[in-house]
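What follows is the content of target-v8.txt, which has compact mmCIF, C-alpha atoms:
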```txt
# COMPACT_ATOMS: atom_id res chain seq x y z
CA MET A 265 0.45 -2.22 -124.32
CA SER A 266 2.56 -3.45 -127.22
CA THR A 267 5.48 -1.20 -126.25
CA ILE A 268 5.71 -2.86 -122.85
CA GLN A 269 5.97 -6.29 -124.46
CA ASP A 270 8.53 -5.05 -126.99
CA ALA A 271 10.69 -3.59 -124.25
CA PHE A 272 10.63 -6.88 -122.40
CA HIS A 273 11.40 -9.06 -125.41
CA ARG A 274 14.36 -6.86 -126.19
CA LEU A 275 16.05 -7.94 -122.98
CA VAL A 276 15.47 -11.61 -123.65
CA ALA A 277 16.81 -11.28 -127.20
CA GLY A 278 19.78 -9.25 -125.94
CA ASN A 279 20.65 -11.97 -123.46
CA GLN A 280 20.49 -14.70 -126.13
CA SER A 281 22.91 -12.76 -128.27
CA TYR A 282 25.17 -12.15 -125.24
CA LYS A 283 25.32 -15.88 -124.63
CA ALA A 284 26.06 -16.72 -128.27
CA LYS A 285 28.76 -14.07 -128.55
CA THR A 286 30.45 -14.91 -125.24
CA PHE A 287 30.62 -18.63 -125.93
CA SER A 288 31.89 -18.17 -129.48
CA GLU A 289 34.64 -15.77 -128.38
CA ALA A 290 35.73 -17.70 -125.28
CA PRO A 291 33.96 -21.02 -124.65
CA ASN A 292 35.38 -21.39 -121.13
CA PHE A 293 34.80 -17.85 -119.93
CA LEU A 294 31.38 -18.26 -118.32
CA PRO A 295 31.88 -21.77 -116.90
CA GLN A 296 35.07 -20.45 -115.29
CA LEU A 297 33.24 -17.44 -113.83
CA ALA A 298 30.83 -19.86 -112.21
CA THR A 299 33.63 -21.05 -109.95
CA GLY A 300 34.02 -17.69 -108.18
CA GLN A 301 34.83 -13.98 -108.34
CA SER A 302 37.94 -11.95 -107.47
CA PRO A 303 37.22 -8.42 -108.71
CA GLU A 304 39.86 -5.77 -108.04
CA VAL A 305 37.47 -2.85 -107.91
CA LEU A 306 34.43 -1.97 -105.82
CA TRP A 307 32.45 0.65 -107.73
CA ILE A 308 30.05 2.92 -105.85
CA GLY A 309 28.13 4.86 -108.46
CA CYS A 310 24.82 6.42 -109.41
CA ALA A 311 21.79 4.38 -110.49
CA ASP A 312 21.56 6.65 -113.57
CA SER A 313 21.10 4.56 -116.71
CA ARG A 314 23.73 6.58 -118.55
CA VAL A 315 26.60 5.43 -116.35
CA PRO A 316 26.87 1.62 -116.71
CA GLU A 317 30.24 0.99 -115.07
CA THR A 318 31.29 -2.10 -116.98
CA THR A 319 30.32 -0.61 -120.34
CA ILE A 320 31.98 2.77 -119.91
CA CYS A 321 35.20 1.18 -118.63
CA GLN A 322 35.06 -1.59 -121.25
CA CYS A 323 35.51 -4.14 -118.53
CA LYS A 324 34.45 -7.75 -118.42
CA PRO A 325 32.14 -9.67 -116.12
CA GLY A 326 34.16 -10.46 -113.00
CA ASP A 327 36.10 -7.16 -113.00
CA ILE A 328 33.95 -4.84 -110.87
CA PHE A 329 31.92 -5.38 -107.67
CA VAL A 330 29.05 -2.89 -107.80
CA HIS A 331 26.78 -0.77 -105.66
CA ARG A 332 24.63 1.86 -107.40
CA ASN A 333 22.09 4.11 -105.72
CA ILE A 334 20.47 7.51 -106.23
CA ALA A 335 23.27 10.11 -106.64
CA ASN A 336 25.97 7.76 -105.27
CA ILE A 337 25.32 8.98 -101.75
CA LEU A 338 27.31 7.28 -99.03
CA SER A 339 26.22 7.61 -95.40
CA ALA A 340 27.81 5.74 -92.55
CA ASP A 341 24.35 4.66 -91.34
CA ASP A 342 23.14 3.17 -94.64
CA ILE A 343 23.00 -0.56 -94.07
CA SER A 344 22.70 -1.41 -97.79
CA ALA A 345 25.89 0.35 -98.91
CA GLY A 346 27.46 -0.62 -95.58
CA SER A 347 26.82 -4.31 -96.29
CA VAL A 348 28.28 -3.98 -99.79
CA ILE A 349 31.43 -2.37 -98.38
CA GLN A 350 31.69 -4.91 -95.57
CA TYR A 351 31.32 -7.81 -97.99
CA GLY A 352 33.32 -6.28 -100.85
CA VAL A 353 36.29 -5.21 -98.73
CA GLY A 354 36.12 -7.77 -95.93
CA ALA A 355 35.19 -10.95 -97.83
CA VAL A 356 35.78 -10.38 -101.56
CA LYS A 357 38.88 -8.31 -100.74
CA VAL A 358 38.84 -5.75 -103.53
CA GLN A 359 42.06 -3.70 -103.90
CA ARG A 360 40.48 -0.36 -104.57
CA ILE A 361 37.20 1.46 -104.16
CA VAL A 362 36.09 3.85 -106.88
CA VAL A 363 33.36 6.36 -106.02
CA CYS A 364 31.93 7.73 -109.24
CA GLY A 365 29.72 10.79 -109.55
CA HIS A 366 28.67 12.25 -112.87
CA THR A 367 27.68 15.42 -114.70
CA SER A 368 23.96 16.17 -115.33
CA CYS A 369 23.05 14.19 -112.19
CA GLY A 370 19.33 14.44 -111.39
CA GLY A 371 20.04 13.86 -107.70
CA ALA A 372 22.67 16.62 -107.53
CA ASN A 373 20.33 18.91 -109.39
CA ALA A 374 17.49 18.20 -106.95
CA ALA A 375 19.86 18.72 -104.00
CA LEU A 376 20.60 22.28 -105.15
CA GLY A 377 17.18 23.25 -103.82
CA ASP A 378 14.71 22.05 -101.20
CA ALA A 379 11.75 21.11 -103.40
CA ASP A 380 9.51 18.50 -101.77
CA LEU A 381 10.13 15.21 -103.59
CA GLY A 382 8.13 13.10 -101.15
CA GLU A 383 9.37 11.78 -97.81
CA THR A 384 11.40 8.93 -99.26
CA LEU A 385 13.54 10.97 -101.64
CA ASN A 386 13.69 13.97 -99.29
CA THR A 387 15.18 11.75 -96.60
CA TRP A 388 17.59 10.07 -99.01
CA LEU A 389 18.83 13.37 -100.44
CA HIS A 390 19.13 15.02 -97.03
CA PRO A 391 22.91 14.43 -96.65
CA MET A 392 23.53 15.91 -100.10
CA ARG A 393 21.36 18.92 -99.34
CA GLU A 394 23.36 19.40 -96.14
CA LEU A 395 26.55 19.34 -98.21
CA ARG A 396 25.04 21.98 -100.45
CA ARG A 397 24.25 24.18 -97.45
CA LYS A 398 27.78 23.71 -96.14
CA HIS A 399 29.24 24.82 -99.49
CA GLN A 400 26.55 27.35 -100.35
CA LYS A 401 28.92 30.28 -100.87
CA GLU A 402 31.13 28.42 -103.28
CA LEU A 403 28.14 27.13 -105.23
CA ASP A 404 26.48 30.56 -105.35
CA ALA A 405 29.58 31.92 -107.06
CA LEU A 406 29.05 29.58 -110.02
CA GLU A 407 26.88 30.89 -112.82
CA SER A 408 24.91 28.09 -114.40
CA THR A 409 22.75 25.49 -112.69
CA ALA A 410 24.70 22.81 -114.55
CA ALA A 411 28.00 24.09 -113.12
CA LYS A 412 26.52 24.17 -109.61
CA ALA A 413 25.18 20.61 -109.94
CA ASN A 414 28.50 19.36 -111.29
CA ARG A 415 30.38 21.00 -108.45
CA LEU A 416 28.00 19.53 -105.89
CA ALA A 417 28.52 16.11 -107.50
CA GLU A 418 32.26 16.53 -106.93
CA ILE A 419 31.81 17.65 -103.33
CA ASN A 420 29.57 14.62 -102.78
CA VAL A 421 32.24 12.24 -104.12
CA ARG A 422 34.88 13.78 -101.85
CA ASN A 423 32.52 13.45 -98.91
CA SER A 424 31.97 9.77 -99.75
CA LEU A 425 35.73 9.17 -99.68
CA GLU A 426 35.79 10.71 -96.21
CA VAL A 427 32.91 8.53 -95.05
CA LEU A 428 34.68 5.45 -96.41
CA GLN A 429 37.82 6.23 -94.43
CA THR A 430 35.87 6.35 -91.18
CA LEU A 431 34.76 2.71 -91.62
CA PRO A 432 37.05 0.30 -89.74
CA VAL A 433 36.84 -2.38 -92.43
CA VAL A 434 38.16 0.17 -94.96
CA GLY A 435 40.75 1.75 -92.67
CA ASN A 436 42.16 -1.65 -91.73
CA ALA A 437 42.38 -2.79 -95.36
CA MET A 438 44.15 0.47 -96.29
CA ARG A 439 46.74 -0.05 -93.56
CA GLU A 440 47.15 -3.79 -93.81
CA ARG A 441 46.96 -4.55 -97.50
CA GLY A 442 47.16 -1.28 -99.42
CA LEU A 443 43.49 -0.77 -100.32
CA THR A 444 43.20 2.59 -102.12
CA LEU A 445 40.25 4.95 -102.61
CA HIS A 446 39.53 6.90 -105.77
CA GLY A 447 37.06 9.65 -106.55
CA VAL A 448 36.08 10.11 -110.18
CA ILE A 449 33.52 12.08 -112.14
CA TYR A 450 32.05 10.69 -115.33
CA ASP A 451 31.30 13.37 -117.91
CA ILE A 452 28.18 12.12 -119.68
CA GLY A 453 28.49 14.52 -122.62
CA GLU A 454 32.11 13.54 -123.22
CA GLY A 455 31.84 9.88 -122.27
CA GLU A 456 34.95 10.32 -120.15
CA LEU A 457 36.01 9.50 -116.60
CA LYS A 458 37.97 12.21 -114.81
CA VAL A 459 40.06 11.63 -111.71
CA LEU A 460 39.12 13.85 -108.79
CA GLU A 461 40.99 12.51 -105.85
CA GLU A 462 42.96 9.53 -104.68
CA THR A 463 43.71 8.45 -101.21
CA SER A 464 45.89 5.88 -99.63
CA LYS A 465 47.37 5.53 -96.16
CA SER A 466 50.15 7.94 -97.18
CA GLY A 467 47.80 10.51 -98.66
CA ASN A 468 48.21 10.96 -102.40
CA ASN A 469 50.05 7.81 -103.30
CA SER A 470 51.53 9.12 -106.56
CA LEU A 471 50.69 5.80 -108.17
CA TRP A 472 48.26 7.37 -110.50
CA SER A 473 49.20 9.81 -113.16
CA GLN A 474 47.19 12.99 -112.64
CA GLY A 475 45.61 15.14 -115.30
CA ARG A 476 45.41 12.47 -117.96
CA MET B 133 55.36 -6.81 -97.22
CA THR B 134 58.98 -6.31 -98.32
CA GLU B 135 59.91 -3.26 -100.41
CA GLN B 136 60.23 -5.50 -103.46
CA GLU B 137 56.78 -6.96 -102.95
CA LYS B 138 55.34 -3.49 -102.42
CA GLU B 139 56.91 -2.38 -105.70
CA ARG B 140 55.37 -5.33 -107.52
CA VAL B 141 51.96 -4.64 -106.02
CA ASN B 142 52.27 -0.97 -106.98
CA GLU B 143 53.14 -1.84 -110.56
CA HIS B 144 50.19 -4.18 -110.74
CA LEU B 145 47.86 -1.57 -109.26
CA LYS B 146 49.04 1.07 -111.68
CA ALA B 147 48.57 -1.22 -114.65
CA THR B 148 45.04 -2.23 -113.64
CA HIS B 149 44.13 1.38 -112.88
CA ASP B 150 45.44 2.67 -116.20
CA ARG B 151 43.57 -0.11 -117.95
CA ILE B 152 40.23 1.29 -116.83
CA PHE B 153 40.99 4.78 -118.15
CA GLU B 154 42.43 3.49 -121.41
CA SER B 155 39.40 1.26 -121.91
CA ASN B 156 37.09 4.15 -121.15
CA ARG B 157 38.69 6.28 -123.87
CA ALA B 158 38.55 3.41 -126.35
CA TRP B 159 34.87 2.85 -125.58
CA ALA B 160 34.02 6.57 -125.94
CA SER B 161 35.69 6.80 -129.33
CA LYS B 162 33.97 3.62 -130.51
CA CYS B 163 30.56 5.05 -129.53
CA LEU B 164 31.32 8.27 -131.41
CA ASP B 165 32.31 6.32 -134.52
CA LYS B 166 28.94 4.61 -134.48
CA ASP B 167 26.94 7.74 -133.63
CA PRO B 168 28.60 11.16 -133.45
CA GLU B 169 25.60 12.42 -131.43
CA PHE B 170 25.66 9.56 -128.91
CA PHE B 171 26.97 11.49 -125.92
CA ALA B 172 25.19 14.71 -126.82
CA LYS B 173 21.89 12.81 -126.75
CA LEU B 174 22.70 11.14 -123.44
CA ASN B 175 23.67 14.50 -122.01
CA SER B 176 20.15 15.80 -122.58
CA GLY B 177 18.62 13.31 -120.13
CA GLN B 178 17.65 9.70 -119.47
CA GLN B 179 14.44 7.84 -120.35
CA PRO B 180 15.17 4.23 -119.43
CA ASP B 181 12.41 1.63 -119.87
CA TYR B 182 13.84 -0.61 -117.18
CA LEU B 183 14.80 -0.60 -113.55
CA TYR B 184 17.13 -3.49 -112.75
CA ILE B 185 17.70 -4.62 -109.16
CA GLY B 186 20.54 -7.10 -108.95
CA CYS B 187 23.40 -8.46 -106.92
CA SER B 188 26.68 -6.55 -106.43
CA ASP B 189 28.53 -9.66 -107.66
CA SER B 190 31.14 -8.61 -110.23
CA ARG B 191 30.22 -11.41 -112.60
CA ILE B 192 26.82 -10.01 -113.57
CA PRO B 193 27.19 -6.64 -115.29
CA ALA B 194 23.56 -6.11 -116.19
CA ASN B 195 23.92 -3.99 -119.34
CA GLU B 196 26.23 -6.56 -120.88
CA ILE B 197 24.14 -9.64 -120.13
CA MET B 198 20.97 -7.96 -121.41
CA GLY B 199 22.65 -6.38 -124.43
CA LEU B 200 21.62 -2.85 -123.43
CA GLU B 201 23.47 0.41 -124.14
CA ALA B 202 24.21 3.29 -121.81
CA GLY B 203 20.96 5.14 -121.09
CA GLU B 204 18.65 2.13 -121.25
CA VAL B 205 18.47 0.69 -117.75
CA PHE B 206 18.33 2.36 -114.32
CA MET B 207 20.40 0.28 -111.95
CA HIS B 208 20.52 -0.71 -108.30
CA ARG B 209 22.85 -3.43 -107.06
CA ASN B 210 23.26 -4.60 -103.47
CA ILE B 211 24.29 -7.74 -101.61
CA ALA B 212 22.05 -10.64 -102.74
CA ASN B 213 19.51 -8.39 -104.56
CA LEU B 214 17.40 -7.77 -101.47
CA VAL B 215 14.35 -5.51 -101.36
CA ASN B 216 13.61 -4.45 -97.83
CA SER B 217 10.82 -2.02 -97.03
CA ILE B 218 12.83 -0.08 -94.45
CA ASP B 219 15.93 0.22 -96.61
CA LEU B 220 15.77 3.87 -97.65
CA ASN B 221 18.43 3.28 -100.29
CA ILE B 222 16.41 0.89 -102.47
CA MET B 223 13.08 2.54 -101.67
CA SER B 224 14.50 5.80 -103.07
CA VAL B 225 15.64 3.99 -106.20
CA ILE B 226 12.21 2.40 -106.78
CA ASN B 227 10.41 5.65 -105.98
CA TYR B 228 12.51 7.68 -108.41
CA ALA B 229 12.41 5.06 -111.16
CA VAL B 230 8.64 4.58 -111.01
CA ARG B 231 7.37 8.08 -110.21
CA HIS B 232 9.91 10.24 -112.02
CA LEU B 233 11.42 8.11 -114.77
CA ARG B 234 8.21 6.09 -115.24
CA VAL B 235 9.99 2.83 -116.10
CA LYS B 236 7.88 0.14 -117.77
CA HIS B 237 9.59 -2.91 -116.27
CA ILE B 238 11.26 -3.68 -112.98
CA VAL B 239 13.53 -6.71 -113.05
CA VAL B 240 14.77 -8.34 -109.86
CA CYS B 241 17.62 -10.57 -110.93
CA GLY B 242 19.51 -13.04 -108.77
CA HIS B 243 22.08 -15.63 -109.71
CA TYR B 244 23.04 -19.19 -108.89
CA ASN B 245 26.13 -19.78 -106.79
CA CYS B 246 25.48 -16.54 -104.86
CA GLY B 247 27.97 -15.81 -102.09
CA GLY B 248 25.40 -13.76 -100.20
CA VAL B 249 22.93 -16.65 -100.11
CA LYS B 250 25.65 -18.98 -98.85
CA ALA B 251 26.84 -16.47 -96.26
CA ALA B 252 23.25 -16.09 -95.03
CA MET B 253 23.09 -19.79 -94.21
CA THR B 254 26.40 -19.78 -92.36
CA PRO B 255 26.13 -20.21 -88.58
CA ALA B 256 28.36 -17.22 -87.84
CA ASP B 257 28.18 -13.69 -86.51
CA LEU B 258 28.80 -11.51 -89.57
CA GLY B 259 28.33 -8.12 -87.89
CA LEU B 260 26.53 -5.58 -90.07
CA LEU B 261 25.72 -8.32 -92.54
CA ASN B 262 23.55 -10.10 -89.93
CA PRO B 263 20.52 -7.82 -90.30
CA TRP B 264 21.04 -7.52 -94.06
CA LEU B 265 21.23 -11.25 -94.71
CA ARG B 266 18.47 -12.00 -92.22
CA ASN B 267 16.05 -11.47 -95.09
CA ILE B 268 17.40 -14.60 -96.77
CA ARG B 269 17.05 -16.68 -93.61
CA ASP B 270 13.43 -15.53 -93.50
CA VAL B 271 12.94 -16.72 -97.09
CA TYR B 272 14.31 -20.11 -96.01
CA ARG B 273 11.83 -20.21 -93.14
CA LEU B 274 8.96 -19.55 -95.56
CA HIS B 275 10.01 -22.55 -97.65
CA GLU B 276 11.59 -24.67 -94.96
CA GLN B 277 9.95 -27.94 -95.89
CA GLU B 278 10.83 -27.78 -99.57
CA LEU B 279 14.42 -26.67 -98.92
CA ASP B 280 15.04 -29.22 -96.18
CA GLY B 281 14.02 -31.88 -98.69
CA ILE B 282 16.93 -31.04 -101.02
CA THR B 283 19.92 -33.06 -99.82
CA ASP B 284 22.57 -31.69 -102.20
CA ASP B 285 24.00 -28.47 -100.68
CA ALA B 286 24.68 -26.66 -103.96
CA LYS B 287 21.21 -27.49 -105.25
CA ARG B 288 19.59 -26.31 -102.03
CA TYR B 289 21.45 -22.96 -102.22
CA ASP B 290 20.46 -22.55 -105.86
CA ARG B 291 16.80 -23.20 -105.07
CA LEU B 292 17.04 -20.73 -102.17
CA ALA B 293 18.51 -18.18 -104.60
CA GLU B 294 15.44 -18.66 -106.85
CA LEU B 295 12.98 -18.40 -103.96
CA ASN B 296 14.82 -15.32 -102.71
CA VAL B 297 14.39 -13.55 -106.07
CA LEU B 298 10.68 -14.36 -106.12
CA GLU B 299 10.25 -13.03 -102.59
CA GLN B 300 12.18 -9.82 -103.33
CA ALA B 301 10.14 -9.27 -106.51
CA ARG B 302 7.03 -9.66 -104.35
CA ASN B 303 8.48 -6.98 -102.05
CA VAL B 304 8.77 -4.65 -105.05
CA VAL B 305 5.10 -5.27 -105.87
CA LYS B 306 4.22 -4.31 -102.28
CA THR B 307 5.56 -0.76 -102.67
CA ALA B 308 3.09 2.11 -102.94
CA ALA B 309 4.91 3.47 -106.00
CA VAL B 310 4.38 0.26 -108.00
CA GLN B 311 0.80 -0.36 -106.86
CA LYS B 312 -0.33 3.19 -107.62
CA SER B 313 1.48 3.50 -110.93
CA TYR B 314 0.08 0.18 -112.13
CA LYS B 315 -3.43 1.20 -111.13
CA ASP B 316 -3.15 4.54 -112.94
CA ASP B 317 -1.04 3.66 -115.99
CA GLY B 318 -0.87 -0.12 -116.35
CA TYR B 319 2.86 -0.28 -115.66
CA PRO B 320 5.44 -1.11 -114.41
CA ILE B 321 5.44 -4.88 -114.66
CA VAL B 322 7.65 -6.67 -112.15
CA HIS B 323 9.78 -9.65 -113.20
CA ALA B 324 11.87 -12.22 -111.31
CA TRP B 325 14.91 -13.58 -113.14
CA ILE B 326 17.96 -15.61 -112.31
CA PHE B 327 21.28 -15.67 -114.14
CA ASP B 328 23.13 -18.92 -114.74
CA PHE B 329 26.89 -18.67 -115.30
CA LYS B 330 27.02 -22.12 -116.76
CA ASP B 331 25.11 -21.20 -119.91
CA GLY B 332 25.15 -17.38 -119.74
CA LEU B 333 21.38 -17.29 -119.87
CA LEU B 334 18.81 -15.38 -117.90
CA LYS B 335 16.03 -17.65 -116.72
CA ASP B 336 12.59 -16.13 -116.23
CA LEU B 337 11.14 -17.46 -112.99
CA LYS B 338 7.75 -16.49 -114.40
CA LEU B 339 6.43 -14.35 -111.61
CA ASP B 340 2.71 -13.94 -112.25
CA PHE B 341 2.64 -10.16 -111.81
CA GLU B 342 -1.11 -9.57 -111.83
CA GLY B 343 -1.80 -12.60 -109.66
CA THR B 344 0.88 -11.54 -107.19
CA LEU B 345 -0.45 -8.00 -107.09
CA LYS B 346 -3.95 -9.26 -106.37
CA SER B 347 -2.81 -11.65 -103.68
CA ILE B 348 -0.63 -9.16 -101.82
CA GLN B 349 -3.28 -6.45 -101.93
CA LYS B 350 -5.45 -8.29 -99.45
CA ILE B 351 -2.95 -7.18 -96.81
CA TYR B 352 -0.53 -4.74 -98.43
CA ASN B 353 -2.87 -2.51 -100.44
CA LEU B 354 -1.45 1.02 -100.50
CA THR B 355 -3.41 2.45 -103.43
CA GLY B 356 -5.81 4.59 -101.40
CA GLY B 357 -5.19 8.12 -100.18
CA ASP B 358 -4.19 11.30 -102.06
```
Can you give me the file's structure in the form of structure tokens?
Amino acid sequence: MSTIQDAFHRLVAGNQSYKAKTFSEAPNFLPQLATGQSPEVLWIGCADSRVPETTICQCKPGDIFVHRNIANILSADDISAGSVIQYGVGAVKVQRIVVCGHTSCGGANAALGDADLGETLNTWLHPMRELRRKHQKELDALESTAAKANRLAEINVRNSLEVLQTLPVVGNAMRERGLTLHGVIYDIGEGELKVLEETSKSGNNSLWSQGR
Amino acid sequence: MTEQEKERVNEHLKATHDRIFESNRAWASKCLDKDPEFFAKLNSGQQPDYLYIGCSDSRIPANEIMGLEAGEVFMHRNIANLVNSIDLNIMSVINYAVRHLRVKHIVVCGHYNCGGVKAAMTPADLGLLNPWLRNIRDVYRLHEQELDGITDDAKRYDRLAELNVLEQARNVVKTAAVQKSYKDDGYPIVHAWIFDFKDGLLKDLKLDFEGTLKSIQKIYNLTGGD
């Protein structure tokens, strides 16, 4: 089992080098972080290893509050994501929520059909499979499986923005302090984030330049 | 808010929003300089060795603190890195990571100075967070004597954060996916870590994986069937 040990030691070595680099570049950075967080963004994204939010946005520790699950599915009755939103919006007071889907998503791909993935994953993917059924005609018109999966990923992000707006903690923060919601798709092959949709209390808030 | 204040907030929001997209483009071009095939390779699929379960706290971006690139670690982050058997969200993550991606290591990582741990010990009605944070109160109850003996508040919270990680790692070991995969293939191994802002280091809480597995299987053995 030497590969298992190697994989583990890599993490420990990586962390040592992170510490050395961070302290040499900014000796006070970490001690200051220890005093508290005030991230501006809550990121709801996929657990997929290829979409590490802080890396792909070149952000720093302290910038992004994070929830990542299988296929960035957001259901109003999910207590895990619900707790993150409650805490992130209500207590940490982020200024925006970014829901990020991505291309080549295994979850989206699996949700295109009804293959039995075991009770756990079947139940988890159920809302996304329902979305697929709701948009079946549109998806059928697309040629490749990749295009269908990418489109379903987009539909899923838009649905998540709708779910978010139904939550009182989110609605109140939008009205009272200008919290905004943003849907993006990360293109894994291009390494690029693309804006799908933005919402504020006045609809499209024209803050953000489209089609960049 | 006055119109002027709104304008200032808007400018600030636009600047911070643009920053993310600018940074993203800079990062993508840097990756391509290093390896022109980087994104093409990622596009063909993921084979991460690790599943990381950590706290949503913005100060602990897992890839950065472990020095890992995109594609190397499957990631779940929730409030106070809790692993609850009836939380479909995390059970789906573990199931997919172990059975489909066949990860070799599962790391449960907490951190000192955790807001979730503090909130859990607050005598207040926190709504939806009550049932979520209840798990941490239960960890306290398991170790009541030891924790009651620590008089310094900060130190008691930090010890509770450590005990919480160990308990959540034990919850990972209790899953059928982990027990069966370990029996058949000899992996994954489950680890309990805690991150310390003060020195930027991950501390291994040295969960004895095999010992834990053996001890939980007296009651939680799920390896039969199929």
For region 319-330 of chain B, please output as a ChimeraX atom specification all residues within 8 Å (counting all atoms listed in the file; exclusion window: fewer than 6 positions along the same chain). /A:294-295,297-298 /B:192,230,234-244,294,297-298,301,304-305,310,313,336-339,341
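Nearest residue to Leu295 (chain B), choosing from B:Tyr314, B:Asn267, B:Gly247, B:Glu342 and counting only C-alpha atoms: B:Asn267.
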Give me, as a ChimeraX atom specification, the contact residues of chain B against chain A at a cut-off of 6 Å, counting only C-alpha atoms.
/B:152,155-156,160,171-172,175,188-193,197-199,202-211,224-225,261,329-330,332
Selection file, C-alpha atoms, as a PDB file, in the coordinates of the input:
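The result, written out as out.pdb:
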```pdb
ATOM      1  CA  ILE B 152      40.230   1.290-116.830  1.00  0.00           C
ATOM      2  CA  SER B 155      39.400   1.260-121.910  1.00  0.00           C
ATOM      3  CA  ASN B 156      37.090   4.150-121.150  1.00  0.00           C
ATOM      4  CA  ALA B 160      34.020   6.570-125.940  1.00  0.00           C
ATOM      5  CA  PHE B 171      26.970  11.490-125.920  1.00  0.00           C
ATOM      6  CA  ALA B 172      25.190  14.710-126.820  1.00  0.00           C
ATOM      7  CA  ASN B 175      23.670  14.500-122.010  1.00  0.00           C
ATOM      8  CA  SER B 188      26.680  -6.550-106.430  1.00  0.00           C
ATOM      9  CA  ASP B 189      28.530  -9.660-107.660  1.00  0.00           C
ATOM     10  CA  SER B 190      31.140  -8.610-110.230  1.00  0.00           C
ATOM     11  CA  ARG B 191      30.220 -11.410-112.600  1.00  0.00           C
ATOM     12  CA  ILE B 192      26.820 -10.010-113.570  1.00  0.00           C
ATOM     13  CA  PRO B 193      27.190  -6.640-115.290  1.00  0.00           C
ATOM     14  CA  ILE B 197      24.140  -9.640-120.130  1.00  0.00           C
ATOM     15  CA  MET B 198      20.970  -7.960-121.410  1.00  0.00           C
ATOM     16  CA  GLY B 199      22.650  -6.380-124.430  1.00  0.00           C
ATOM     17  CA  ALA B 202      24.210   3.290-121.810  1.00  0.00           C
ATOM     18  CA  GLY B 203      20.960   5.140-121.090  1.00  0.00           C
ATOM     19  CA  GLU B 204      18.650   2.130-121.250  1.00  0.00           C
ATOM     20  CA  VAL B 205      18.470   0.690-117.750  1.00  0.00           C
ATOM     21  CA  PHE B 206      18.330   2.360-114.320  1.00  0.00           C
ATOM     22  CA  MET B 207      20.400   0.280-111.950  1.00  0.00           C
ATOM     23  CA  HIS B 208      20.520  -0.710-108.300  1.00  0.00           C
ATOM     24  CA  ARG B 209      22.850  -3.430-107.060  1.00  0.00           C
ATOM     25  CA  ASN B 210      23.260  -4.600-103.470  1.00  0.00           C
ATOM     26  CA  ILE B 211      24.290  -7.740-101.610  1.00  0.00           C
ATOM     27  CA  SER B 224      14.500   5.800-103.070  1.00  0.00           C
ATOM     28  CA  VAL B 225      15.640   3.990-106.200  1.00  0.00           C
ATOM     29  CA  LEU B 261      25.720  -8.320 -92.540  1.00  0.00           C
ATOM     30  CA  PHE B 329      26.890 -18.670-115.300  1.00  0.00           C
ATOM     31  CA  LYS B 330      27.020 -22.120-116.760  1.00  0.00           C
ATOM     32  CA  GLY B 332      25.150 -17.380-119.740  1.00  0.00           C
TER      33      GLY B 332
END
```
A straight line from CA of Gly248 (chain B) to CA of Cys187 (chain B) spans 8.8 Å
Atom pair CA of Val271 (chain B) + CA of Asn227 (chain B), distance 24.2 Å
Open item on the list: Neighbouring residues of region 348-350 of chain B were defined as those with any atom within 9 Å, considering all atoms listed in the file; residues of the same chain fewer than 6 positions away were excluded. Please report them as a PyMOL selection string.
Closed with: chain B and resi 302+305-306+311
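Proximity to Leu354 (chain B) was assessed for B:Ala308, B:Leu164, B:Leu233, B:Ile268 counting only C-alpha atoms; the smallest distance is recorded for B:Ala308.
Shortest atom-to-atom contact with Ala437 (chain A) among A:Val358, A:Val421, A:Ala290, A:Leu416: A:Val358, counting all atoms listed in the file.
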Among A:His390, A:His366, A:Arg397, A:His446, Ala411 (chain A) is approached most closely, using all atoms listed in the file, by A:His366
* Provide the CA of Glu402 (chain A) to CA of Arg415 (chain A) distance in Å, to one decimal place. =>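 Taking CA of Glu402 (chain A) and CA of Arg415 (chain A), their separation equals 9.1 Å.
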Residue with the minimum atom-to-atom distance to Arg393 (chain A), picked from A:Gly354, A:Gly447, A:Gly365, A:Gly377 with only C-alpha atoms counted, is A:Gly377
Distance query 10 Å from (25.2, 23.5, -110.7) using only C-alpha atoms, result as JSON, numbers by chain: {"A": [367, 368, 369, 372, 373, 375, 376, 403, 404, 406, 407, 408, 409, 410, 411, 412, 413, 414, 415, 416, 417]}
What would the file be for region 295-300 of chain A if you keep N, CA and C atoms and write it as a PDB file, in the first residue's frame?
```pdb
ATOM      1  N   PRO A 295      -2.042  34.955  11.613  1.00  0.00           N
ATOM      2  CA  PRO A 295      -2.463  35.366  12.962  1.00  0.00           C
ATOM      3  C   PRO A 295      -3.675  36.308  12.919  1.00  0.00           C
ATOM      4  N   GLN A 296      -3.721  37.167  11.885  1.00  0.00           N
ATOM      5  CA  GLN A 296      -4.854  38.077  11.771  1.00  0.00           C
ATOM      6  C   GLN A 296      -6.144  37.312  11.441  1.00  0.00           C
ATOM      7  N   LEU A 297      -6.020  36.322  10.554  1.00  0.00           N
ATOM      8  CA  LEU A 297      -7.190  35.499  10.203  1.00  0.00           C
ATOM      9  C   LEU A 297      -7.775  34.839  11.451  1.00  0.00           C
ATOM     10  N   ALA A 298      -6.896  34.497  12.379  1.00  0.00           N
ATOM     11  CA  ALA A 298      -7.347  33.791  13.578  1.00  0.00           C
ATOM     12  C   ALA A 298      -8.343  34.626  14.371  1.00  0.00           C
ATOM     13  N   THR A 299      -8.351  35.941  14.156  1.00  0.00           N
ATOM     14  CA  THR A 299      -9.246  36.783  14.938  1.00  0.00           C
ATOM     15  C   THR A 299     -10.678  36.780  14.409  1.00  0.00           C
ATOM     16  N   GLY A 300     -10.906  36.330  13.191  1.00  0.00           N
ATOM     17  CA  GLY A 300     -12.281  36.256  12.691  1.00  0.00           C
ATOM     18  C   GLY A 300     -12.358  36.281  11.179  1.00  0.00           C
TER      19      GLY A 300
END
```
